[in-house]
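K.L.:
First, the structure itself, so that you have it in front of you.
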Amino acid sequence: MKMKTTYFFTILTLLGVVCSSKAQSLNTFSGENAGANNTGNFNTGFGINSLKNNTSHSNNAFGFGTLIAASGGFNCAFGNEALSLTTTGNLNAAFGTRSLLNNTTGSKNIAIGHRTMEANSSGSNNTSVGYASLTTNNGNSNVAVGFTTPRNLISGDSNVFLGSETAINLFNGSYNVMLGNRITLNRAPSTPLLAGSDTNKSVIISDGAGVQRIFINKNGNTGIGLGNNVIPVNKLDIKGGVAIGKNFTPNGIAPIASAPINGLAVEGRLGIGTLAPNNKVEITQGTNGNSGLRFTNLTSSFVPTSVQSSNHFLSVNATGDVVLQKMSNVVQSNILSSAGNLMTSNVNGISSSTKIVNSIANSINESNQLITTVNGVSSAPVNLPVPNMEEIDGSVTNELQTISQSENTITLSNGGGSFILPTFTQVPQVISQSGNTISLSNGGGSFTFPTFTDTDAQSLALAGNTLSISNGNSVTLPTYVDVPQTISQSGNTISLSNGGGSFILPTFTQVPQVISQSGNTISLSNGGGSFTMPTTSVVAGTNVAVTGNGSAATPFLINATDKSIFADNGTIDQATTISGNRVVNMNNRNIWFNSASTDANGKIYIGSTATYPTTTGNYKLFVEGGILTEKVKVALRSTANWADYVFEKDYNLMPLNEVENYITANKHLPGIDSAAELATNGLDIAEMQAKHMAKIEELTLYIIEQNKAIERNTKAIEELQKQVQVLTANQD
């Protein structure tokens with residue numbers, strides 16, 4: 001007992017010497033060639049060749065071949081071949097077999113999981129968590145969390161990926177954010193509006209099944225529900241209805257309302273050009289006098305097809321709200337007439353009149369009287385003074401008088417006197433408004449508009465040709481009568497009504513043909529030709545029987561175009577068999593049962609009942625009781641249907657402890673259907689053979705791994721045996 005205790009403490013002492021062999025540099029190493037040729041300080045290495053040839057400081061390596069040529073410091077490698085090729089890279093952390101395997105100069109990377117960032121050589125500032133995440137990328141400042149995420153990225157910087165197997169088919173892309181499982185991009189987009197393998201500066205959010213819900217492209221355009229990889233072209237593209245408002249959106253218990261299909265439902269106020277709308281919809285155009293509302297196909301140049309009369313019109317109130325107004329007693333007339341010197345107007349049923357002064361004339365009659373005519377009406381005669389009679393040189397002189405006018409003064413010469421005509425003043429009329437009253441000055445009269453009551457929440461409705469508003473008023477739209485055209489025939493003439501035109505059919509002369517028989521010859525008159533029926537001879541002493549299900553006149557039917565094996569279900573006559581067998585000579589030919597493209601029919605069933613089994617699926621042949629054959633060869637559709645993929649480098653071989661847990665829980669191997677599933681769905685020989693081969697190849701990989709482990713353990717045992725022999729020799 002004392003000897004064994006001595007051996008134990010001796011071995012511990014020897015191990016302490018090995019582990020502290022570099023104590024002068026504060027390093028700790030354990031394993032064959034661990035720390036060999038090391039010149040750095042504060043390093044820790046456990047595993048064969050770990051930190052071999054290290055020249056830097058503060059590196060930690062745990063596992064076979066970790067940090068074997070490091071010249072950079074502050075690296076942590078946990079797992080076989082983690083950071084295996086790193087040279088000048090520093091501040092890296094790799095946790096998992098082959099994580100950051102090919103990294104040489106990359107720095108400040110964090111890789112957690114088997115094969116994480118395996119291909120990275122010079123990329124820095126990356127964070128990767130999950131089996132084979134960022135496994136093929138060599139870029140900078142990427143963040144990836146999830147199983148094999150991103151799936152195919154080769155080069156890209158500053159991406160954020162979260163989800164299992166996401167960013168499929170993204171080969172080159174930077175500045176993307178992708179959240180969700182199995183986000184798959186188009187490998188070869190058919191249009192520029194589909195995201196492909198070189199997508200950049202995009203944000204994609206999908207659900208767990210890979211269905212993309214939100215897509216934000218590099219221009220900041222946002223698409224919601226557009227479909228996978230559809231790039232939005234506007235600042236906001238939404239497929240489906242949109243509801244805004246507390247009572248238009250779900251309350252957490254049940255849906256409150258549904259938005260119109262591909263439309264927008266807004267519960268509150270909507271402001272266009274304003275942040276403070278005072279009505280359900282308020283538009284601010286920005287220019288005084290412009291509403292901001294435009295009807296592209298209804299402009300001032302539009303000419304209606306017919307004239308409509310209505311006492312309703314749209315207007316705006318003092319605050320700019322659009323309201324419906326009503327004018328009572330609307331008359332489609334604005335009449336102005338005159339009779340003599342009286343002018344009469346009729347506007348919307350309101351009449352007014354005024355006198356017109358438009359002509360004046362003066363004349364003197366034979367009685368020396370002045371008559372003035374105004375607008376064709378003559379005034380009372382005015383006696384003019386009698387001229388003076390003077391005698392000059394014994395003769396009487398009658399001096400003529402002349403009449404003259406100065407403005408309104410009429411003067412007669414030679415003391416004839418004068419008088420002033422009255423002044424006719426034509427004062428222009430002025431229209432004015434006071435409240436609802438419209439007035440015309442100088443006796444033009446007035447009329448009063450009715451007072452309108454403003455009602456909100458009015459709505460338009462169309463029933464037939466009647467357009468009505470919710471307050472009960474309506475207007476009838478014109479009726480367009482579409483007169484249908486009818487076709488008719490008169491003799492050989494075919495006509496189409498309402499100007500459709502006509503055409504004349506040609507006249508055909510039809511000579512009837514007559515069929516006749518002479519002996520075995522059947523003839524058709526008028527050049528129809530003839531044919532001779534064969535003569536059937538019955539040899540004496542031979543019985544000929546013809547049966548059928550037709551009438552006495554036609555006891556049987558021969559159909560020369562029937563190519564089916566049987567015209568009806570049939571049986572094999574035992575008398576026609578040889579030793580109970582029906583022998584068919586193929587004569588270098590094949591039998592093809594063409595089932596076309598149907599899945600429900602075209603099946604061959606050999607068994608004892610006419611009911612086809614429901615478990616055959618789409619299989620074309622079912623044999624009840626089994627098949628006995630000398631050889632079966634099952635064809636493979638492609639190499640993808642065999643199990644050689646197990647030997648690929650990226651194959652995820654399940655650890656044996658997980659296999660054990662799976663078998664304990666499920667009572668069958670992973671990837672192999674259970675007995676219950678096989679009983680329900682049947683056994684696919686090709687598929688099962690491939691699965692069996694996959695398991696055989698997995699067993700081969702397990703054996704290879706176990707063999708390597710046995711070899712390593714054998715070497716370790718041999719080394720311990722040598723050390724024990726040395727200790728034993730020293731003890732002796």
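For the structure tokens, the naming scheme is as follows: chains receive sequential letters (A, B, ...) according to their order of presentation, residues are indexed from 1 within each chain, and ligands are indexed from 1 in presentation order.
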Determine, counting only C-alpha atoms, which protein, DNA and RNA residues have an atom within 8 Å of an atom of Arg98 in chain A; residues of the same chain fewer than 4 positions away are not included. Present the result as a PyMOL selection string.

P.N.:
chain A and resi 79-84+114-116+118

K.L.:
Store the residues picked out above, limited to N, CA and C atoms, as a PDB file, in the first residue's frame.

P.N.:
```pdb
ATOM      1  N   GLY A  79     -11.744  23.628 -28.550  1.00  0.00           N
ATOM      2  CA  GLY A  79     -12.260  22.683 -29.532  1.00  0.00           C
ATOM      3  C   GLY A  79     -11.201  22.313 -30.549  1.00  0.00           C
ATOM      4  N   ASN A  80     -11.207  21.083 -30.983  1.00  0.00           N
ATOM      5  CA  ASN A  80     -10.201  20.615 -31.931  1.00  0.00           C
ATOM      6  C   ASN A  80     -10.115  21.527 -33.153  1.00  0.00           C
ATOM      7  N   GLU A  81      -8.878  21.932 -33.489  1.00  0.00           N
ATOM      8  CA  GLU A  81      -8.547  22.754 -34.648  1.00  0.00           C
ATOM      9  C   GLU A  81      -9.179  24.137 -34.609  1.00  0.00           C
ATOM     10  N   ALA A  82      -9.651  24.576 -33.461  1.00  0.00           N
ATOM     11  CA  ALA A  82     -10.153  25.938 -33.345  1.00  0.00           C
ATOM     12  C   ALA A  82      -8.993  26.913 -33.465  1.00  0.00           C
ATOM     13  N   LEU A  83      -9.170  27.970 -34.264  1.00  0.00           N
ATOM     14  CA  LEU A  83      -8.113  28.958 -34.500  1.00  0.00           C
ATOM     15  C   LEU A  83      -6.806  28.277 -34.881  1.00  0.00           C
ATOM     16  N   SER A  84      -6.897  27.198 -35.630  1.00  0.00           N
ATOM     17  CA  SER A  84      -5.729  26.371 -35.904  1.00  0.00           C
ATOM     18  C   SER A  84      -4.668  27.111 -36.696  1.00  0.00           C
ATOM     19  N   HIS A 114     -19.926  24.516 -33.437  1.00  0.00           N
ATOM     20  CA  HIS A 114     -19.152  23.672 -34.356  1.00  0.00           C
ATOM     21  C   HIS A 114     -19.072  24.301 -35.748  1.00  0.00           C
ATOM     22  N   ARG A 115     -17.846  24.484 -36.268  1.00  0.00           N
ATOM     23  CA  ARG A 115     -17.564  25.002 -37.608  1.00  0.00           C
ATOM     24  C   ARG A 115     -17.999  26.459 -37.806  1.00  0.00           C
ATOM     25  N   THR A 116     -18.232  27.187 -36.731  1.00  0.00           N
ATOM     26  CA  THR A 116     -18.593  28.592 -36.890  1.00  0.00           C
ATOM     27  C   THR A 116     -17.420  29.366 -37.489  1.00  0.00           C
ATOM     28  N   GLU A 118     -15.803  29.050 -40.140  1.00  0.00           N
ATOM     29  CA  GLU A 118     -14.738  28.131 -40.549  1.00  0.00           C
ATOM     30  C   GLU A 118     -13.907  28.698 -41.695  1.00  0.00           C
TER      31      GLU A 118
END
```

K.L.:
What's around range 207-215 of chain A at 12 Å? Count only C-alpha atoms, leave out sequence neighbours fewer than 2 positions away in its own chain, and write the answer as a PyMOL selection string.

P.N.:
chain A and resi 162-168+176-185+193-195+199+201-205+217-239

K.L.:
With N, CA and C atoms retained, export the selected residues as a tab-separated table (two decimals), in the first residue's frame.

P.N.:
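File produced: result12.tsv:
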```
chain	number	residue	atom	x	y	z
A	162	LEU	N	-30.44	36.71	-37.85
A	162	LEU	CA	-30.99	36.04	-36.67
A	162	LEU	C	-32.04	35.05	-37.13
A	163	GLY	N	-31.78	33.74	-36.91
A	163	GLY	CA	-32.72	32.73	-37.33
A	163	GLY	C	-32.01	31.51	-37.87
A	164	SER	N	-32.71	30.41	-37.92
A	164	SER	CA	-32.12	29.15	-38.39
A	164	SER	C	-32.11	29.10	-39.91
A	165	GLU	N	-30.93	28.77	-40.50
A	165	GLU	CA	-30.76	28.62	-41.95
A	165	GLU	C	-31.30	29.82	-42.72
A	166	THR	N	-31.02	31.01	-42.26
A	166	THR	CA	-31.55	32.19	-42.94
A	166	THR	C	-30.55	32.72	-43.95
A	167	ALA	N	-31.00	33.64	-44.81
A	167	ALA	CA	-30.19	34.24	-45.88
A	167	ALA	C	-29.75	33.20	-46.89
A	168	ILE	N	-30.63	32.25	-47.20
A	168	ILE	CA	-30.32	31.24	-48.23
A	168	ILE	C	-30.22	31.94	-49.59
A	176	ASN	N	-27.12	44.29	-44.43
A	176	ASN	CA	-28.47	43.75	-44.38
A	176	ASN	C	-28.84	43.35	-42.96
A	177	VAL	N	-30.15	43.38	-42.68
A	177	VAL	CA	-30.69	42.86	-41.42
A	177	VAL	C	-31.78	41.86	-41.79
A	178	MET	N	-31.59	40.58	-41.41
A	178	MET	CA	-32.55	39.54	-41.74
A	178	MET	C	-32.91	38.78	-40.48
A	179	LEU	N	-34.20	38.83	-40.12
A	179	LEU	CA	-34.69	38.21	-38.90
A	179	LEU	C	-35.75	37.19	-39.27
A	180	GLY	N	-35.54	35.91	-38.89
A	180	GLY	CA	-36.52	34.87	-39.18
A	180	GLY	C	-35.85	33.63	-39.74
A	181	ASN	N	-36.53	32.49	-39.61
A	181	ASN	CA	-35.98	31.23	-40.09
A	181	ASN	C	-36.11	31.10	-41.60
A	182	ARG	N	-35.07	30.54	-42.23
A	182	ARG	CA	-35.07	30.15	-43.64
A	182	ARG	C	-35.55	31.25	-44.59
A	183	ILE	N	-35.02	32.46	-44.39
A	183	ILE	CA	-35.27	33.52	-45.37
A	183	ILE	C	-34.50	33.17	-46.64
A	184	THR	N	-35.23	32.94	-47.72
A	184	THR	CA	-34.63	32.46	-48.98
A	184	THR	C	-34.76	33.52	-50.05
A	185	LEU	N	-33.64	33.94	-50.64
A	185	LEU	CA	-33.63	34.92	-51.71
A	185	LEU	C	-33.60	34.22	-53.06
A	193	LEU	N	-37.50	43.77	-59.48
A	193	LEU	CA	-38.26	43.97	-58.26
A	193	LEU	C	-38.22	42.76	-57.35
A	194	LEU	N	-37.31	41.82	-57.60
A	194	LEU	CA	-37.14	40.66	-56.73
A	194	LEU	C	-35.72	40.66	-56.19
A	195	ALA	N	-35.60	40.49	-54.88
A	195	ALA	CA	-34.28	40.49	-54.24
A	195	ALA	C	-33.55	39.20	-54.58
A	199	THR	N	-28.11	41.13	-52.66
A	199	THR	CA	-28.91	42.15	-51.99
A	199	THR	C	-28.08	42.91	-50.95
A	201	LYS	N	-28.08	46.42	-48.02
A	201	LYS	CA	-28.76	47.48	-47.26
A	201	LYS	C	-30.26	47.26	-47.18
A	202	SER	N	-30.67	46.03	-46.95
A	202	SER	CA	-32.10	45.70	-46.86
A	202	SER	C	-32.41	45.08	-45.51
A	203	VAL	N	-33.66	45.27	-45.09
A	203	VAL	CA	-34.14	44.68	-43.84
A	203	VAL	C	-35.29	43.74	-44.20
A	204	ILE	N	-35.16	42.46	-43.83
A	204	ILE	CA	-36.19	41.46	-44.12
A	204	ILE	C	-36.57	40.79	-42.81
A	205	ILE	N	-37.87	40.76	-42.52
A	205	ILE	CA	-38.39	40.09	-41.33
A	205	ILE	C	-39.38	39.03	-41.78
A	217	ASN	N	-36.16	48.20	-48.32
A	217	ASN	CA	-35.04	48.15	-49.26
A	217	ASN	C	-34.02	49.23	-48.95
A	218	LYS	N	-32.97	49.31	-49.78
A	218	LYS	CA	-31.85	50.21	-49.49
A	218	LYS	C	-32.25	51.68	-49.57
A	219	ASN	N	-33.36	52.02	-50.22
A	219	ASN	CA	-33.83	53.41	-50.29
A	219	ASN	C	-34.77	53.78	-49.15
A	220	GLY	N	-35.01	52.85	-48.25
A	220	GLY	CA	-35.90	53.12	-47.13
A	220	GLY	C	-37.36	52.85	-47.44
A	221	ASN	N	-37.66	52.31	-48.62
A	221	ASN	CA	-39.04	51.95	-48.94
A	221	ASN	C	-39.42	50.70	-48.16
A	222	THR	N	-40.64	50.72	-47.59
A	222	THR	CA	-41.09	49.63	-46.73
A	222	THR	C	-42.27	48.91	-47.37
A	223	GLY	N	-42.17	47.59	-47.45
A	223	GLY	CA	-43.25	46.76	-47.96
A	223	GLY	C	-43.76	45.83	-46.88
A	224	ILE	N	-45.08	45.72	-46.74
A	224	ILE	CA	-45.70	44.84	-45.75
A	224	ILE	C	-46.62	43.87	-46.48
A	225	GLY	N	-46.34	42.57	-46.33
A	225	GLY	CA	-47.19	41.54	-46.92
A	225	GLY	C	-47.12	41.45	-48.42
A	226	LEU	N	-46.04	41.91	-49.07
A	226	LEU	CA	-45.96	41.90	-50.53
A	226	LEU	C	-45.61	40.53	-51.08
A	227	GLY	N	-45.07	39.64	-50.25
A	227	GLY	CA	-44.61	38.34	-50.73
A	227	GLY	C	-43.10	38.23	-50.63
A	228	ASN	N	-42.58	37.04	-50.74
A	228	ASN	CA	-41.14	36.81	-50.57
A	228	ASN	C	-40.34	37.55	-51.63
A	229	ASN	N	-39.35	38.35	-51.16
A	229	ASN	CA	-38.33	39.01	-51.99
A	229	ASN	C	-38.88	40.10	-52.89
A	230	VAL	N	-40.14	40.52	-52.71
A	230	VAL	CA	-40.69	41.61	-53.52
A	230	VAL	C	-40.20	42.95	-52.96
A	231	ILE	N	-39.47	43.73	-53.78
A	231	ILE	CA	-38.87	44.98	-53.33
A	231	ILE	C	-39.90	46.10	-53.45
A	232	PRO	N	-40.21	46.83	-52.36
A	232	PRO	CA	-41.18	47.93	-52.44
A	232	PRO	C	-40.63	49.09	-53.26
A	233	VAL	N	-41.51	49.80	-53.96
A	233	VAL	CA	-41.10	50.92	-54.81
A	233	VAL	C	-41.54	52.26	-54.23
A	234	ASN	N	-42.35	52.26	-53.18
A	234	ASN	CA	-42.80	53.49	-52.54
A	234	ASN	C	-42.35	53.48	-51.09
A	235	LYS	N	-42.46	54.63	-50.44
A	235	LYS	CA	-42.06	54.71	-49.04
A	235	LYS	C	-42.84	53.72	-48.19
A	236	LEU	N	-44.09	53.41	-48.57
A	236	LEU	CA	-44.86	52.39	-47.87
A	236	LEU	C	-45.75	51.68	-48.87
A	237	ASP	N	-45.50	50.38	-49.07
A	237	ASP	CA	-46.33	49.53	-49.92
A	237	ASP	C	-46.96	48.45	-49.04
A	238	ILE	N	-48.30	48.40	-49.03
A	238	ILE	CA	-49.01	47.43	-48.19
A	238	ILE	C	-49.95	46.63	-49.07
A	239	LYS	N	-49.83	45.30	-48.99
A	239	LYS	CA	-50.74	44.42	-49.72
A	239	LYS	C	-51.85	44.01	-48.76
```

K.L.:
Find the distance between CA of Leu264 in chain A and CA of Thr287 in chain A and write it in Å to one decimal.

P.N.:
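About the pair CA of Leu264 in chain A and CA of Thr287 in chain A: they are 27.6 Å apart.
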
K.L.:
Mind listing the helix (DSSP H, G or I) residues of range 567-651 of chain A, per DSSP on the backbone, as an MDAnalysis selection string?

P.N.:
chainID A and resid 574:576 614:616 639:641 644:647

K.L.:
Can you tell me, as an mmCIF file with N, CA and C atoms, in the first residue's frame, what residues are no more than 6 Å from range 52-57 of chain A when counting only C-alpha atoms, ignoring any on the same chain fewer than 4 positions away?

P.N.:
```cif
data_model
loop_
_atom_site.group_PDB
_atom_site.id
_atom_site.type_symbol
_atom_site.label_atom_id
_atom_site.label_comp_id
_atom_site.auth_asym_id
_atom_site.auth_seq_id
_atom_site.Cartn_x
_atom_site.Cartn_y
_atom_site.Cartn_z
ATOM 1 N N ALA A 34 2.485 20.128 -26.998
ATOM 2 C CA ALA A 34 1.808 21.344 -26.558
ATOM 3 C C ALA A 34 2.837 22.366 -26.121
ATOM 4 N N GLY A 35 2.758 23.573 -26.654
ATOM 5 C CA GLY A 35 3.695 24.631 -26.289
ATOM 6 C C GLY A 35 5.081 24.457 -26.844
ATOM 7 N N ALA A 36 5.262 23.516 -27.782
ATOM 8 C CA ALA A 36 6.598 23.317 -28.353
ATOM 9 C C ALA A 36 7.047 24.576 -29.080
ATOM 10 N N ASN A 37 8.281 24.953 -28.863
ATOM 11 C CA ASN A 37 8.897 26.135 -29.474
ATOM 12 C C ASN A 37 8.207 27.429 -29.059
ATOM 13 N N ASN A 38 7.450 27.408 -27.975
ATOM 14 C CA ASN A 38 6.775 28.619 -27.504
ATOM 15 C C ASN A 38 7.773 29.633 -26.985
ATOM 16 N N THR A 39 7.568 30.908 -27.332
ATOM 17 C CA THR A 39 8.417 31.988 -26.812
ATOM 18 C C THR A 39 7.603 33.068 -26.123
ATOM 19 N N GLY A 40 6.282 32.868 -26.026
ATOM 20 C CA GLY A 40 5.419 33.879 -25.426
ATOM 21 C C GLY A 40 5.175 33.630 -23.959
ATOM 22 N N ASN A 41 4.480 34.545 -23.311
ATOM 23 C CA ASN A 41 4.201 34.476 -21.884
ATOM 24 C C ASN A 41 2.702 34.422 -21.630
ATOM 25 N N PHE A 42 2.347 33.979 -20.406
ATOM 26 C CA PHE A 42 0.959 33.964 -19.915
ATOM 27 C C PHE A 42 0.052 33.147 -20.841
ATOM 28 N N ASN A 43 0.529 32.048 -21.386
ATOM 29 C CA ASN A 43 -0.223 31.200 -22.291
ATOM 30 C C ASN A 43 -0.627 29.907 -21.591
ATOM 31 N N ILE A 68 -1.740 26.703 -33.407
ATOM 32 C CA ILE A 68 -0.446 26.043 -33.564
ATOM 33 C C ILE A 68 0.611 26.964 -34.159
ATOM 34 N N ALA A 69 0.245 28.154 -34.627
ATOM 35 C CA ALA A 69 1.258 29.054 -35.216
ATOM 36 C C ALA A 69 0.943 30.496 -34.875
ATOM 37 N N ALA A 70 0.482 30.754 -33.675
ATOM 38 C CA ALA A 70 0.001 32.087 -33.321
ATOM 39 C C ALA A 70 1.138 33.057 -33.087
ATOM 40 N N SER A 71 1.029 34.230 -33.721
ATOM 41 C CA SER A 71 1.924 35.346 -33.410
ATOM 42 C C SER A 71 1.132 36.522 -32.864
ATOM 43 N N GLY A 72 -0.207 36.371 -32.817
ATOM 44 C CA GLY A 72 -1.068 37.366 -32.207
ATOM 45 C C GLY A 72 -1.468 36.935 -30.815
ATOM 46 N N GLY A 73 -1.890 37.880 -29.979
ATOM 47 C CA GLY A 73 -2.181 37.573 -28.595
ATOM 48 C C GLY A 73 -3.630 37.707 -28.218
#
```

K.L.:
Report as a compact mmCIF listing (two decimals) with N, CA and C atoms, in the first residue's frame all protein, DNA and RNA residues lying within 10 Å of Gly286 in chain A, evaluated on only C-alpha atoms, omitting residues in the same chain fewer than 5 positions from it.

P.N.:
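Final output, around-v3.txt:
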```txt
# COMPACT_ATOMS: atom_id res chain seq x y z
N GLY A 273 -51.60 67.72 -45.91
CA GLY A 273 -50.95 69.01 -45.94
C GLY A 273 -51.08 69.77 -44.64
N THR A 274 -51.69 69.15 -43.62
CA THR A 274 -51.84 69.81 -42.32
C THR A 274 -51.69 68.78 -41.22
N SER A 291 -58.01 74.41 -53.60
CA SER A 291 -58.49 73.48 -52.58
C SER A 291 -57.52 72.34 -52.31
N GLY A 292 -56.68 72.01 -53.30
CA GLY A 292 -55.82 70.84 -53.15
C GLY A 292 -56.48 69.55 -53.58
```

K.L.:
Compare A:Arg712, A:Arg151, A:Arg637, A:Lys667 by their minimum atom-to-atom distance to Thr136 in chain A, counting only C-alpha atoms, and give me the closest one.

P.N.:
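Using only C-alpha atoms, the shortest distance to Thr136 in chain A belongs to A:Arg151.
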
K.L.:
Compare A:Ile703, A:Val623, A:Asn140, A:Lys108 by their minimum atom-to-atom distance to Phe74 in chain A, counting only C-alpha atoms, and give me the closest one.

P.N.:
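So, comparing all the options, the nearest one is A:Lys108.
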
K.L.:
Return the single residue from A:Ile244, A:Leu621, A:Ala709, A:Leu293 that is closest to Lys603 in chain A, with distances computed using only C-alpha atoms.

P.N.:
A:Leu621

K.L.:
Using the chain letters and numbers from this document, which residues of range 43-178 of chain A does DSSP assign to strand (DSSP E), as a list of chain:residue names?

P.N.:
A:Thr44, A:Gly45, A:Phe46, A:Asn60, A:Ala61, A:Phe62, A:Cys76, A:Ala77, A:Phe78, A:Ala93, A:Ala94, A:Phe95, A:Ile110, A:Ala111, A:Ile112, A:Thr127, A:Ser128, A:Val129, A:Val143, A:Ala144, A:Val145, A:Val160, A:Phe161, A:Leu162, A:Val177, A:Met178

K.L.:
Those residues with N, CA, C and O atoms, as a short mmCIF file (atom, residue, chain, number, x, y, z; two decimals), in the first residue's frame please?

P.N.:
```cif
data_model
loop_
_atom_site.label_atom_id
_atom_site.label_comp_id
_atom_site.auth_asym_id
_atom_site.auth_seq_id
_atom_site.Cartn_x
_atom_site.Cartn_y
_atom_site.Cartn_z
N THR A 44 -1.78 29.34 -22.02
CA THR A 44 -2.24 28.07 -21.48
C THR A 44 -2.65 27.18 -22.65
O THR A 44 -3.48 27.57 -23.48
N GLY A 45 -2.06 25.97 -22.75
CA GLY A 45 -2.37 25.08 -23.84
C GLY A 45 -2.59 23.66 -23.37
O GLY A 45 -1.75 23.09 -22.67
N PHE A 46 -3.76 23.06 -23.72
CA PHE A 46 -4.09 21.68 -23.37
C PHE A 46 -4.51 20.97 -24.65
O PHE A 46 -5.50 21.35 -25.27
N ASN A 60 -5.05 31.22 -24.95
CA ASN A 60 -5.55 30.03 -24.28
C ASN A 60 -6.03 29.06 -25.35
O ASN A 60 -6.87 29.41 -26.19
N ALA A 61 -5.51 27.83 -25.34
CA ALA A 61 -5.84 26.86 -26.37
C ALA A 61 -6.20 25.53 -25.71
O ALA A 61 -5.40 24.98 -24.94
N PHE A 62 -7.40 24.99 -26.01
CA PHE A 62 -7.86 23.73 -25.45
C PHE A 62 -8.37 22.86 -26.59
O PHE A 62 -9.40 23.16 -27.19
N CYS A 76 -8.58 33.02 -27.57
CA CYS A 76 -9.09 31.88 -26.82
C CYS A 76 -9.64 30.86 -27.82
O CYS A 76 -10.51 31.20 -28.62
N ALA A 77 -9.12 29.62 -27.77
CA ALA A 77 -9.57 28.58 -28.68
C ALA A 77 -9.96 27.35 -27.87
O ALA A 77 -9.14 26.79 -27.14
N PHE A 78 -11.23 26.91 -28.00
CA PHE A 78 -11.73 25.73 -27.29
C PHE A 78 -12.37 24.79 -28.33
O PHE A 78 -13.38 25.13 -28.91
N ALA A 93 -12.10 34.80 -30.07
CA ALA A 93 -12.62 33.77 -29.17
C ALA A 93 -13.36 32.74 -30.01
O ALA A 93 -14.34 33.07 -30.68
N ALA A 94 -12.87 31.48 -30.00
CA ALA A 94 -13.48 30.42 -30.79
C ALA A 94 -13.84 29.26 -29.87
O ALA A 94 -12.97 28.71 -29.19
N PHE A 95 -15.13 28.87 -29.84
CA PHE A 95 -15.61 27.80 -28.98
C PHE A 95 -16.34 26.79 -29.85
O PHE A 95 -17.45 27.04 -30.31
N ILE A 110 -15.79 36.58 -32.52
CA ILE A 110 -16.34 35.66 -31.53
C ILE A 110 -17.11 34.58 -32.29
O ILE A 110 -18.05 34.88 -33.02
N ALA A 111 -16.69 33.33 -32.14
CA ALA A 111 -17.32 32.22 -32.84
C ALA A 111 -17.68 31.14 -31.82
O ALA A 111 -16.79 30.58 -31.17
N ILE A 112 -18.98 30.84 -31.73
CA ILE A 112 -19.44 29.85 -30.76
C ILE A 112 -20.25 28.80 -31.51
O ILE A 112 -21.29 29.11 -32.09
N THR A 127 -19.36 38.43 -34.97
CA THR A 127 -19.91 37.65 -33.86
C THR A 127 -20.81 36.57 -34.45
O THR A 127 -21.76 36.89 -35.18
N SER A 128 -20.51 35.31 -34.14
CA SER A 128 -21.24 34.20 -34.75
C SER A 128 -21.58 33.17 -33.68
O SER A 128 -20.69 32.70 -32.97
N VAL A 129 -22.88 32.82 -33.58
CA VAL A 129 -23.33 31.86 -32.57
C VAL A 129 -24.24 30.84 -33.25
O VAL A 129 -25.22 31.22 -33.90
N VAL A 143 -22.95 39.97 -37.66
CA VAL A 143 -23.52 39.31 -36.49
C VAL A 143 -24.48 38.24 -37.00
O VAL A 143 -25.40 38.53 -37.76
N ALA A 144 -24.24 36.99 -36.60
CA ALA A 144 -25.07 35.87 -37.05
C ALA A 144 -25.40 34.97 -35.87
O ALA A 144 -24.49 34.53 -35.16
N VAL A 145 -26.70 34.71 -35.67
CA VAL A 145 -27.13 33.82 -34.59
C VAL A 145 -28.12 32.82 -35.18
O VAL A 145 -29.16 33.21 -35.70
N VAL A 160 -26.58 41.66 -40.17
CA VAL A 160 -27.13 41.09 -38.95
C VAL A 160 -28.11 40.00 -39.36
O VAL A 160 -29.08 40.26 -40.08
N PHE A 161 -27.83 38.75 -38.93
CA PHE A 161 -28.69 37.62 -39.26
C PHE A 161 -29.14 36.96 -37.96
O PHE A 161 -28.33 36.68 -37.08
N LEU A 162 -30.44 36.71 -37.85
CA LEU A 162 -30.99 36.04 -36.67
C LEU A 162 -32.04 35.05 -37.13
O LEU A 162 -33.05 35.42 -37.71
N VAL A 177 -30.15 43.38 -42.68
CA VAL A 177 -30.69 42.86 -41.42
C VAL A 177 -31.78 41.86 -41.79
O VAL A 177 -32.77 42.22 -42.42
N MET A 178 -31.59 40.58 -41.41
CA MET A 178 -32.55 39.54 -41.74
C MET A 178 -32.91 38.78 -40.48
O MET A 178 -32.05 38.16 -39.85
#
```

K.L.:
Just the residues within 8 Å of Asn102 in chain A, please, counting only C-alpha atoms, with nothing from its chain fewer than 2 positions along; format it as a VMD selection string.

P.N.:
chain A and resid 83 to 86 100 104 118 to 121

K.L.:
Calculate how many Å separate CA of Ser315 in chain A from CA of Pro260 in chain A, rounding to one decimal.

P.N.:
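Separating CA of Ser315 in chain A from CA of Pro260 in chain A is a distance of 29.4 Å.
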